[in-house]
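Chemist: Here you go, this is protein03.pdb (PDB, C-alpha atoms).
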ATOM      1  CA  MET I 251     177.916  65.491  26.350  1.00  0.00           C
ATOM      2  CA  ARG I 252     180.807  64.952  28.780  1.00  0.00           C
ATOM      3  CA  ALA I 253     179.335  67.614  31.069  1.00  0.00           C
ATOM      4  CA  GLY I 254     175.951  65.885  31.003  1.00  0.00           C
ATOM      5  CA  LEU I 255     177.537  62.544  31.880  1.00  0.00           C
ATOM      6  CA  CYS I 256     179.459  64.102  34.778  1.00  0.00           C
ATOM      7  CA  ALA I 257     176.281  65.738  36.054  1.00  0.00           C
ATOM      8  CA  ALA I 258     174.421  62.415  35.922  1.00  0.00           C
ATOM      9  CA  LEU I 259     177.183  60.629  37.835  1.00  0.00           C
ATOM     10  CA  THR I 260     177.261  63.418  40.412  1.00  0.00           C
ATOM     11  CA  LEU I 261     173.508  63.136  40.891  1.00  0.00           C
ATOM     12  CA  ALA I 262     173.767  59.369  41.311  1.00  0.00           C
ATOM     13  CA  ALA I 263     176.487  59.746  43.917  1.00  0.00           C
ATOM     14  CA  ALA I 264     174.584  62.374  45.875  1.00  0.00           C
ATOM     15  CA  SER I 265     171.098  60.937  45.639  1.00  0.00           C
ATOM     16  CA  ALA I 266     169.356  59.217  48.539  1.00  0.00           C
ATOM     17  CA  HIS I 267     169.408  55.431  48.832  1.00  0.00           C
ATOM     18  CA  ALA I 268     166.469  54.165  46.764  1.00  0.00           C
ATOM     19  CA  GLU I 269     165.581  50.487  46.805  1.00  0.00           C
ATOM     20  CA  LEU I 270     162.599  48.142  46.735  1.00  0.00           C
ATOM     21  CA  GLU I 271     160.957  47.768  50.178  1.00  0.00           C
ATOM     22  CA  ASP I 272     161.143  43.975  50.063  1.00  0.00           C
ATOM     23  CA  GLU I 273     161.158  43.414  53.842  1.00  0.00           C
ATOM     24  CA  ILE I 274     160.035  45.616  56.720  1.00  0.00           C
ATOM     25  CA  GLN I 275     161.261  44.179  59.988  1.00  0.00           C
ATOM     26  CA  VAL I 276     163.531  44.786  62.962  1.00  0.00           C
ATOM     27  CA  TYR I 277     166.017  41.952  63.489  1.00  0.00           C
ATOM     28  CA  THR I 278     166.325  40.336  66.924  1.00  0.00           C
ATOM     29  CA  ASP I 279     168.342  37.332  68.165  1.00  0.00           C
ATOM     30  CA  ASP I 280     166.039  34.840  66.409  1.00  0.00           C
ATOM     31  CA  ILE I 281     168.233  32.297  64.615  1.00  0.00           C
ATOM     32  CA  ASN I 282     167.777  28.814  63.158  1.00  0.00           C
ATOM     33  CA  LYS I 283     169.314  25.861  64.965  1.00  0.00           C
ATOM     34  CA  PRO I 284     172.244  24.139  63.196  1.00  0.00           C
ATOM     35  CA  GLY I 285     170.939  22.217  60.190  1.00  0.00           C
ATOM     36  CA  GLN I 286     167.443  23.766  60.425  1.00  0.00           C
ATOM     37  CA  PHE I 287     165.763  25.204  57.328  1.00  0.00           C
ATOM     38  CA  GLY I 288     163.350  28.122  57.571  1.00  0.00           C
ATOM     39  CA  LEU I 289     160.934  29.952  55.265  1.00  0.00           C
ATOM     40  CA  GLU I 290     159.327  33.336  55.839  1.00  0.00           C
ATOM     41  CA  LEU I 291     157.000  35.190  53.500  1.00  0.00           C
ATOM     42  CA  HIS I 292     157.263  38.980  53.663  1.00  0.00           C
ATOM     43  CA  VAL I 293     154.366  40.914  52.164  1.00  0.00           C
ATOM     44  CA  ASN I 294     153.640  44.627  52.223  1.00  0.00           C
ATOM     45  CA  THR I 295     151.339  46.901  50.294  1.00  0.00           C
ATOM     46  CA  THR I 296     151.057  50.667  49.948  1.00  0.00           C
ATOM     47  CA  PRO I 297     147.459  51.889  49.595  1.00  0.00           C
ATOM     48  CA  ASP I 298     148.674  55.513  49.747  1.00  0.00           C
ATOM     49  CA  GLY I 299     152.311  56.087  48.891  1.00  0.00           C
ATOM     50  CA  ARG I 300     154.882  57.798  46.728  1.00  0.00           C
ATOM     51  CA  SER I 301     153.911  58.008  43.064  1.00  0.00           C
ATOM     52  CA  GLN I 302     156.750  60.225  41.783  1.00  0.00           C
ATOM     53  CA  PRO I 303     159.926  58.273  40.866  1.00  0.00           C
ATOM     54  CA  ASP I 304     163.195  59.219  42.571  1.00  0.00           C
ATOM     55  CA  TYR I 305     165.118  58.333  39.397  1.00  0.00           C
ATOM     56  CA  ALA I 306     164.349  57.501  35.760  1.00  0.00           C
ATOM     57  CA  ASP I 307     162.283  54.331  35.180  1.00  0.00           C
ATOM     58  CA  GLU I 308     161.843  53.568  38.900  1.00  0.00           C
ATOM     59  CA  VAL I 309     158.744  51.564  39.855  1.00  0.00           C
ATOM     60  CA  THR I 310     157.075  53.589  42.602  1.00  0.00           C
ATOM     61  CA  PRO I 311     155.347  51.953  45.586  1.00  0.00           C
ATOM     62  CA  ASN I 312     151.938  53.632  45.342  1.00  0.00           C
ATOM     63  CA  HIS I 313     149.152  51.004  45.157  1.00  0.00           C
ATOM     64  CA  GLY I 314     151.782  48.287  44.717  1.00  0.00           C
ATOM     65  CA  THR I 315     152.413  45.060  46.631  1.00  0.00           C
ATOM     66  CA  ARG I 316     155.744  43.382  47.407  1.00  0.00           C
ATOM     67  CA  LEU I 317     156.040  39.657  48.177  1.00  0.00           C
ATOM     68  CA  THR I 318     159.388  38.186  49.217  1.00  0.00           C
ATOM     69  CA  ALA I 319     160.270  34.585  50.020  1.00  0.00           C
ATOM     70  CA  GLU I 320     163.101  34.358  52.543  1.00  0.00           C
ATOM     71  CA  PHE I 321     164.849  31.001  52.812  1.00  0.00           C
ATOM     72  CA  SER I 322     167.214  30.467  55.756  1.00  0.00           C
ATOM     73  CA  TYR I 323     169.511  27.761  57.050  1.00  0.00           C
ATOM     74  CA  GLY I 324     171.236  27.412  60.421  1.00  0.00           C
ATOM     75  CA  LEU I 325     174.987  26.959  59.931  1.00  0.00           C
ATOM     76  CA  SER I 326     175.885  26.799  63.634  1.00  0.00           C
ATOM     77  CA  ASP I 327     174.631  28.005  67.000  1.00  0.00           C
ATOM     78  CA  THR I 328     175.561  31.593  66.049  1.00  0.00           C
ATOM     79  CA  PHE I 329     175.544  31.736  62.211  1.00  0.00           C
ATOM     80  CA  GLU I 330     172.604  31.634  59.797  1.00  0.00           C
ATOM     81  CA  ALA I 331     172.559  32.020  55.998  1.00  0.00           C
ATOM     82  CA  GLY I 332     169.644  33.365  53.981  1.00  0.00           C
ATOM     83  CA  LEU I 333     168.353  33.940  50.446  1.00  0.00           C
ATOM     84  CA  TYR I 334     165.702  36.518  49.474  1.00  0.00           C
ATOM     85  CA  LEU I 335     163.634  36.346  46.275  1.00  0.00           C
ATOM     86  CA  PRO I 336     161.677  39.635  46.113  1.00  0.00           C
ATOM     87  CA  THR I 337     158.778  40.072  43.710  1.00  0.00           C
ATOM     88  CA  ASN I 338     156.775  43.187  42.935  1.00  0.00           C
ATOM     89  CA  PHE I 339     153.147  43.527  41.822  1.00  0.00           C
ATOM     90  CA  GLU I 340     152.218  46.873  40.288  1.00  0.00           C
ATOM     91  CA  SER I 341     148.751  48.386  40.445  1.00  0.00           C
ATOM     92  CA  ASN I 342     148.236  47.578  36.740  1.00  0.00           C
ATOM     93  CA  GLY I 343     148.674  43.861  37.488  1.00  0.00           C
ATOM     94  CA  HIS I 344     152.234  43.520  36.158  1.00  0.00           C
ATOM     95  CA  ALA I 345     154.332  41.126  38.274  1.00  0.00           C
ATOM     96  CA  ASP I 346     158.099  40.924  38.273  1.00  0.00           C
ATOM     97  CA  LEU I 347     160.936  39.074  40.019  1.00  0.00           C
ATOM     98  CA  ALA I 348     163.034  42.021  41.186  1.00  0.00           C
ATOM     99  CA  GLY I 349     166.262  40.084  41.719  1.00  0.00           C
ATOM    100  CA  TYR I 350     167.847  38.294  44.660  1.00  0.00           C
ATOM    101  CA  LYS I 351     169.706  38.918  47.911  1.00  0.00           C
ATOM    102  CA  LEU I 352     172.069  36.816  50.004  1.00  0.00           C
ATOM    103  CA  ARG I 353     172.687  37.320  53.710  1.00  0.00           C
ATOM    104  CA  LEU I 354     174.718  36.001  56.635  1.00  0.00           C
ATOM    105  CA  LYS I 355     173.542  36.613  60.204  1.00  0.00           C
ATOM    106  CA  TRP I 356     175.852  36.286  63.219  1.00  0.00           C
ATOM    107  CA  ILE I 357     174.402  36.392  66.734  1.00  0.00           C
ATOM    108  CA  PRO I 358     177.277  35.763  69.184  1.00  0.00           C
ATOM    109  CA  LEU I 359     175.312  37.148  72.159  1.00  0.00           C
ATOM    110  CA  GLN I 360     171.865  35.584  72.598  1.00  0.00           C
ATOM    111  CA  ALA I 361     169.435  36.340  75.406  1.00  0.00           C
ATOM    112  CA  PRO I 362     169.008  33.469  77.904  1.00  0.00           C
ATOM    113  CA  GLU I 363     165.544  32.047  78.628  1.00  0.00           C
ATOM    114  CA  SER I 364     165.382  34.076  81.859  1.00  0.00           C
ATOM    115  CA  GLY I 365     165.905  37.305  79.903  1.00  0.00           C
ATOM    116  CA  GLY I 366     168.832  39.529  79.035  1.00  0.00           C
ATOM    117  CA  GLY I 367     170.663  41.311  76.268  1.00  0.00           C
ATOM    118  CA  PHE I 368     171.562  40.168  72.766  1.00  0.00           C
ATOM    119  CA  ALA I 369     173.764  41.495  69.985  1.00  0.00           C
ATOM    120  CA  GLY I 370     174.913  40.582  66.494  1.00  0.00           C
ATOM    121  CA  VAL I 371     175.200  41.672  62.879  1.00  0.00           C
ATOM    122  CA  ASN I 372     173.572  40.781  59.553  1.00  0.00           C
ATOM    123  CA  VAL I 373     175.526  41.271  56.314  1.00  0.00           C
ATOM    124  CA  GLU I 374     173.609  41.293  53.035  1.00  0.00           C
ATOM    125  CA  TRP I 375     174.470  41.575  49.330  1.00  0.00           C
ATOM    126  CA  GLY I 376     171.855  42.054  46.634  1.00  0.00           C
ATOM    127  CA  ASN I 377     171.441  42.319  42.888  1.00  0.00           C
ATOM    128  CA  LEU I 378     168.157  43.943  41.823  1.00  0.00           C
ATOM    129  CA  GLN I 379     166.830  45.209  38.528  1.00  0.00           C
ATOM    130  CA  LYS I 380     167.423  48.911  37.891  1.00  0.00           C
ATOM    131  CA  ARG I 381     163.654  49.457  38.067  1.00  0.00           C
ATOM    132  CA  TYR I 382     163.755  48.591  41.784  1.00  0.00           C
ATOM    133  CA  SER I 383     167.158  49.822  42.937  1.00  0.00           C
ATOM    134  CA  GLN I 384     169.019  52.872  41.682  1.00  0.00           C
ATOM    135  CA  SER I 385     172.248  50.925  42.247  1.00  0.00           C
ATOM    136  CA  ARG I 386     171.744  47.411  40.895  1.00  0.00           C
ATOM    137  CA  GLN I 387     174.314  45.957  43.259  1.00  0.00           C
ATOM    138  CA  ALA I 388     174.162  46.951  46.917  1.00  0.00           C
ATOM    139  CA  ALA I 389     175.300  45.714  50.309  1.00  0.00           C
ATOM    140  CA  GLU I 390     173.954  46.221  53.813  1.00  0.00           C
ATOM    141  CA  VAL I 391     175.516  45.903  57.254  1.00  0.00           C
ATOM    142  CA  ARG I 392     172.774  45.739  59.882  1.00  0.00           C
ATOM    143  CA  THR I 393     173.849  45.770  63.516  1.00  0.00           C
ATOM    144  CA  ILE I 394     171.526  44.184  66.075  1.00  0.00           C
ATOM    145  CA  PHE I 395     171.236  45.202  69.720  1.00  0.00           C
ATOM    146  CA  GLY I 396     168.426  44.393  72.122  1.00  0.00           C
ATOM    147  CA  TRP I 397     167.020  43.037  75.345  1.00  0.00           C
ATOM    148  CA  ARG I 398     164.178  40.678  76.097  1.00  0.00           C
ATOM    149  CA  ASN I 399     162.453  38.898  78.969  1.00  0.00           C
ATOM    150  CA  GLU I 400     159.174  37.022  79.327  1.00  0.00           C
ATOM    151  CA  ASP I 401     157.064  40.162  78.925  1.00  0.00           C
ATOM    152  CA  TRP I 402     159.116  42.685  76.932  1.00  0.00           C
ATOM    153  CA  LEU I 403     161.174  42.871  73.754  1.00  0.00           C
ATOM    154  CA  VAL I 404     163.309  45.845  72.700  1.00  0.00           C
ATOM    155  CA  SER I 405     165.564  45.760  69.641  1.00  0.00           C
ATOM    156  CA  VAL I 406     167.373  48.391  67.567  1.00  0.00           C
ATOM    157  CA  ASN I 407     169.087  48.008  64.174  1.00  0.00           C
ATOM    158  CA  PRO I 408     171.513  50.779  63.171  1.00  0.00           C
ATOM    159  CA  THR I 409     172.132  49.935  59.499  1.00  0.00           C
ATOM    160  CA  PHE I 410     174.584  51.036  56.815  1.00  0.00           C
ATOM    161  CA  GLY I 411     173.707  50.577  53.132  1.00  0.00           C
ATOM    162  CA  PHE I 412     176.345  50.670  50.379  1.00  0.00           C
ATOM    163  CA  ASP I 413     175.587  51.305  46.689  1.00  0.00           C
ATOM    164  CA  LEU I 414     178.191  49.235  44.815  1.00  0.00           C
ATOM    165  CA  SER I 415     177.438  49.937  41.154  1.00  0.00           C
ATOM    166  CA  PRO I 416     179.770  52.233  39.153  1.00  0.00           C
ATOM    167  CA  GLY I 417     179.069  55.952  39.545  1.00  0.00           C
ATOM    168  CA  PHE I 418     177.967  55.808  43.194  1.00  0.00           C
ATOM    169  CA  ASP I 419     179.844  57.175  46.194  1.00  0.00           C
ATOM    170  CA  ARG I 420     180.804  53.965  47.989  1.00  0.00           C
ATOM    171  CA  GLY I 421     182.438  55.952  50.767  1.00  0.00           C
ATOM    172  CA  ASN I 422     179.140  57.576  51.731  1.00  0.00           C
ATOM    173  CA  PRO I 423     176.921  54.739  53.000  1.00  0.00           C
ATOM    174  CA  ASN I 424     173.263  55.323  53.688  1.00  0.00           C
ATOM    175  CA  PHE I 425     172.302  55.264  57.365  1.00  0.00           C
ATOM    176  CA  ASP I 426     168.970  54.097  58.714  1.00  0.00           C
ATOM    177  CA  VAL I 427     167.648  52.796  62.027  1.00  0.00           C
ATOM    178  CA  GLY I 428     164.886  50.347  62.912  1.00  0.00           C
ATOM    179  CA  LEU I 429     163.479  50.192  66.436  1.00  0.00           C
ATOM    180  CA  LYS I 430     161.030  47.663  67.892  1.00  0.00           C
ATOM    181  CA  VAL I 431     159.325  47.734  71.298  1.00  0.00           C
ATOM    182  CA  ALA I 432     156.725  45.065  72.142  1.00  0.00           C
ATOM    183  CA  ARG I 433     154.950  43.787  75.248  1.00  0.00           C
ATOM    184  CA  LYS I 434     153.290  40.434  75.883  1.00  0.00           C
ATOM    185  CA  VAL I 435     149.508  40.778  76.269  1.00  0.00           C
ATOM    186  CA  ALA I 436     148.534  37.097  76.105  1.00  0.00           C
ATOM    187  CA  GLU I 437     150.252  33.758  75.714  1.00  0.00           C
ATOM    188  CA  GLY I 438     152.061  33.891  72.355  1.00  0.00           C
ATOM    189  CA  VAL I 439     150.833  37.430  71.552  1.00  0.00           C
ATOM    190  CA  MET I 440     152.829  40.667  71.733  1.00  0.00           C
ATOM    191  CA  LEU I 441     151.635  44.166  70.830  1.00  0.00           C
ATOM    192  CA  GLY I 442     153.890  47.137  70.241  1.00  0.00           C
ATOM    193  CA  GLY I 443     155.396  49.453  67.712  1.00  0.00           C
ATOM    194  CA  GLU I 444     158.159  49.637  65.134  1.00  0.00           C
ATOM    195  CA  TYR I 445     159.887  52.798  63.936  1.00  0.00           C
ATOM    196  CA  TYR I 446     161.949  53.075  60.755  1.00  0.00           C
ATOM    197  CA  ALA I 447     164.092  56.119  59.979  1.00  0.00           C
ATOM    198  CA  ASP I 448     166.186  56.616  56.822  1.00  0.00           C
ATOM    199  CA  PHE I 449     168.530  59.586  57.245  1.00  0.00           C
ATOM    200  CA  GLY I 450     170.486  59.494  53.971  1.00  0.00           C
ATOM    201  CA  GLY I 451     174.268  59.445  53.503  1.00  0.00           C
ATOM    202  CA  VAL I 452     176.459  59.492  56.610  1.00  0.00           C
ATOM    203  CA  LYS I 453     178.670  62.305  55.270  1.00  0.00           C
ATOM    204  CA  HIS I 454     175.725  64.661  55.268  1.00  0.00           C
ATOM    205  CA  PHE I 455     172.243  63.606  56.320  1.00  0.00           C
ATOM    206  CA  SER I 456     169.421  64.493  53.946  1.00  0.00           C
ATOM    207  CA  SER I 457     167.072  67.320  54.840  1.00  0.00           C
ATOM    208  CA  TRP I 458     163.940  66.395  56.810  1.00  0.00           C
ATOM    209  CA  ASN I 459     161.840  66.696  53.646  1.00  0.00           C
ATOM    210  CA  GLU I 460     163.984  64.008  51.965  1.00  0.00           C
ATOM    211  CA  GLN I 461     164.241  61.612  54.922  1.00  0.00           C
ATOM    212  CA  ASN I 462     161.918  58.633  55.331  1.00  0.00           C
ATOM    213  CA  HIS I 463     160.356  58.150  58.780  1.00  0.00           C
ATOM    214  CA  THR I 464     157.521  55.665  59.373  1.00  0.00           C
ATOM    215  CA  LEU I 465     155.851  54.471  62.580  1.00  0.00           C
ATOM    216  CA  TYR I 466     154.039  51.110  62.751  1.00  0.00           C
ATOM    217  CA  VAL I 467     151.565  49.651  65.207  1.00  0.00           C
ATOM    218  CA  THR I 468     152.364  45.932  65.284  1.00  0.00           C
ATOM    219  CA  ALA I 469     151.252  42.560  66.599  1.00  0.00           C
ATOM    220  CA  ASP I 470     153.348  39.389  66.865  1.00  0.00           C
ATOM    221  CA  VAL I 471     151.460  36.101  67.146  1.00  0.00           C
ATOM    222  CA  ASP I 472     153.718  33.151  67.931  1.00  0.00           C
ATOM    223  CA  LYS I 473     151.205  30.323  68.106  1.00  0.00           C
ATOM    224  CA  GLY I 474     149.111  28.198  65.797  1.00  0.00           C
ATOM    225  CA  PRO I 475     150.258  26.641  62.519  1.00  0.00           C
ATOM    226  CA  LEU I 476     151.422  29.955  60.968  1.00  0.00           C
ATOM    227  CA  PRO I 477     153.131  32.425  63.368  1.00  0.00           C
ATOM    228  CA  PHE I 478     153.066  35.950  61.993  1.00  0.00           C
ATOM    229  CA  ASN I 479     153.897  39.620  62.471  1.00  0.00           C
ATOM    230  CA  ILE I 480     151.508  42.262  61.162  1.00  0.00           C
ATOM    231  CA  GLY I 481     151.690  46.032  61.184  1.00  0.00           C
ATOM    232  CA  ILE I 482     150.047  49.219  59.915  1.00  0.00           C
ATOM    233  CA  GLY I 483     152.447  52.058  59.209  1.00  0.00           C
ATOM    234  CA  ARG I 484     151.981  55.802  58.942  1.00  0.00           C
ATOM    235  CA  GLY I 485     154.621  57.996  57.311  1.00  0.00           C
ATOM    236  CA  ILE I 486     155.562  60.990  59.450  1.00  0.00           C
ATOM    237  CA  SER I 487     157.978  62.737  57.080  1.00  0.00           C
ATOM    238  CA  PRO I 488     157.185  64.262  53.656  1.00  0.00           C
ATOM    239  CA  ALA I 489     159.202  61.675  51.677  1.00  0.00           C
ATOM    240  CA  ALA I 490     157.614  58.659  53.409  1.00  0.00           C
ATOM    241  CA  ASP I 491     154.641  56.694  52.068  1.00  0.00           C
ATOM    242  CA  ASN I 492     151.477  57.837  53.830  1.00  0.00           C
ATOM    243  CA  TRP I 493     150.144  54.354  54.634  1.00  0.00           C
ATOM    244  CA  THR I 494     151.713  50.901  54.457  1.00  0.00           C
ATOM    245  CA  VAL I 495     150.405  47.515  55.604  1.00  0.00           C
ATOM    246  CA  LYS I 496     152.932  44.744  56.173  1.00  0.00           C
ATOM    247  CA  ALA I 497     153.032  41.143  57.378  1.00  0.00           C
ATOM    248  CA  ILE I 498     155.577  38.349  57.861  1.00  0.00           C
ATOM    249  CA  PHE I 499     154.437  34.732  57.900  1.00  0.00           C
ATOM    250  CA  GLU I 500     156.616  31.943  59.291  1.00  0.00           C
ATOM    251  CA  VAL I 501     155.934  28.901  57.123  1.00  0.00           C
ATOM    252  CA  PRO I 502     156.738  25.509  58.708  1.00  0.00           C
ATOM    253  CA  ILE I 503     158.946  23.332  56.494  1.00  0.00           C
TER     254      ILE I 503
END
How does this structure look as structure tokens?
Modeler:
Amino acid sequence: MRAGLCAALTLAAASAHAELEDEIQVYTDDINKPGQFGLELHVNTTPDGRSQPDYADEVTPNHGTRLTAEFSYGLSDTFEAGLYLPTNFESNGHADLAGYKLRLKWIPLQAPESGGGFAGVNVEWGNLQKRYSQSRQAAEVRTIFGWRNEDWLVSVNPTFGFDLSPGFDRGNPNFDVGLKVARKVAEGVMLGGEYYADFGGVKHFSSWNEQNHTLYVTADVDKGPLPFNIGIGRGISPAADNWTVKAIFEVPI
């Protein structure tokens, strides 16, 4: 029995980072003004995705829909706090509150109106049900680098994810990268693409067959009563979901 327990802990430590896809976005230098509240609704659905669980009792994304309310508050000109409440809707109609996440965003370098570079970091801690995250407690450090002007936006997010529950290798964070490139095509409208790549643990990247790479065609509409981002994603690696549709709605409050 001791050997079986050791094998299970070894598998948990070596396995790829598995967690609910509650938000699909590339962070930029967007930040609330001091004292300003914000609300975004993140929704994504997987019409053709992974149906085999990566670990026992995992809820797989195939034919499922995720809806997450993100509340934010501007603490200062450079700091913003946030709370995520992710929910999951399975194909059989079962709905569940997956847990919660807290975050703190710091953007010390913000692009001026005339255009320029920006940089910052977003630190996040979450507690999700075991059905949605192999490690119930996890943390994320997302770095933010980019450049924008009136017509173009480029942003990249090298990100490190830490599984904090007992039995996981905390010294081997998961590494993934998000990249966004968009161009203005009309007043308040940008078209472009987003690329998400999950490489596995930094000590030894997963094989290509186990990595998750997805490319999205996206549109950002920053006008009207409900600004939004929408995208259609195609998985380009064997472990990725084949098709995903995602949207983010900025709700005025």
Chemist: Taking (163.8, 47.4, 43.6) in the coordinates of the supplied file, I want to know which residues reach to within 7 Å of it, counting all atoms listed in the file; could you give the answer as a PDB file with C-alpha atoms, in the frame of the given file?
Modeler:
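Final output, saved to point_6.pdb:
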ATOM      1  CA  GLU I 269     165.581  50.487  46.805  1.00  0.00           C
ATOM      2  CA  LEU I 270     162.599  48.142  46.735  1.00  0.00           C
ATOM      3  CA  ALA I 348     163.034  42.021  41.186  1.00  0.00           C
ATOM      4  CA  LEU I 378     168.157  43.943  41.823  1.00  0.00           C
ATOM      5  CA  GLN I 379     166.830  45.209  38.528  1.00  0.00           C
ATOM      6  CA  LYS I 380     167.423  48.911  37.891  1.00  0.00           C
ATOM      7  CA  ARG I 381     163.654  49.457  38.067  1.00  0.00           C
ATOM      8  CA  TYR I 382     163.755  48.591  41.784  1.00  0.00           C
ATOM      9  CA  SER I 383     167.158  49.822  42.937  1.00  0.00           C
TER      10      SER I 383
END
Chemist: Could you build a table of the residues in stretch 384-481 of chain I lying no more than 12 Å from stretch 284-294 of chain I, giving for each the nearest pair of atoms and their separation in Å rounded to one decimal place, using all atoms listed in the file, ordered by chain and ascending residue number, as JSON lines?
Modeler:
{"residue": "I:Leu476", "atom": "CA", "partner": "I:Glu290", "partner_atom": "CA", "distance": 10.0}
{"residue": "I:Pro477", "atom": "CA", "partner": "I:Glu290", "partner_atom": "CA", "distance": 9.8}
{"residue": "I:Phe478", "atom": "CA", "partner": "I:Glu290", "partner_atom": "CA", "distance": 9.2}
{"residue": "I:Asn479", "atom": "CA", "partner": "I:His292", "partner_atom": "CA", "distance": 9.5}
{"residue": "I:Ile480", "atom": "CA", "partner": "I:Asn294", "partner_atom": "CA", "distance": 9.5}
{"residue": "I:Gly481", "atom": "CA", "partner": "I:Asn294", "partner_atom": "CA", "distance": 9.3}
Chemist: Just how far from atom CA of I:Glu271 is atom CA of I:Pro336, in Å to one decimal?
Modeler: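 Taking atom CA of I:Pro336 as the start and atom CA of I:Glu271 as the end point, the length is 9.1 Å.
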Chemist: Between atom CA of I:Ser341 and atom CA of I:Thr315, measure the distance and give it in Å to one decimal.
Modeler: 7.9 Å
Chemist: Of the candidates I:His313, I:Met440, I:Ile357, I:Pro488, which shows the shortest atom-to-atom distance to I:Asn459, using all atoms listed in the file?
Modeler: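 Checking each candidate against I:Asn459, we get I:Pro488 as the closest.
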Chemist: Dump as a list in words all residues having an atom at most 8 Å from (174.0, 59.4, 55.8), computed in the file's coordinates with only C-alpha atoms.
Modeler: Asn422, Pro423, Asn424, Phe425, Asp426, Phe449, Gly450, Gly451, Val452, Lys453, His454, Phe455 and Ser456 of chain I
Chemist: For I:Phe368, which of I:Gln387, I:Asn407, I:Thr494, I:Asn338 is the closest residue, counting only C-alpha atoms?
Modeler: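 Nearest to I:Phe368: I:Asn407.
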Chemist: Check which residues satisfy the PyMOL selection byres ((chain I and resi 324-328) around 10) in the file shown, then give them as a ChimeraX atom specification.
Modeler: /I:279,281-288,322-323,329-332,354-360,370
Chemist: Which one is closest to I:Asp298: I:Val467, I:Leu403, I:Ala490, I:Ala497? Count all atoms listed in the file.
Modeler: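 Between I:Val467, I:Leu403, I:Ala490, I:Ala497, the residue approaching I:Asp298 most closely is I:Ala490.
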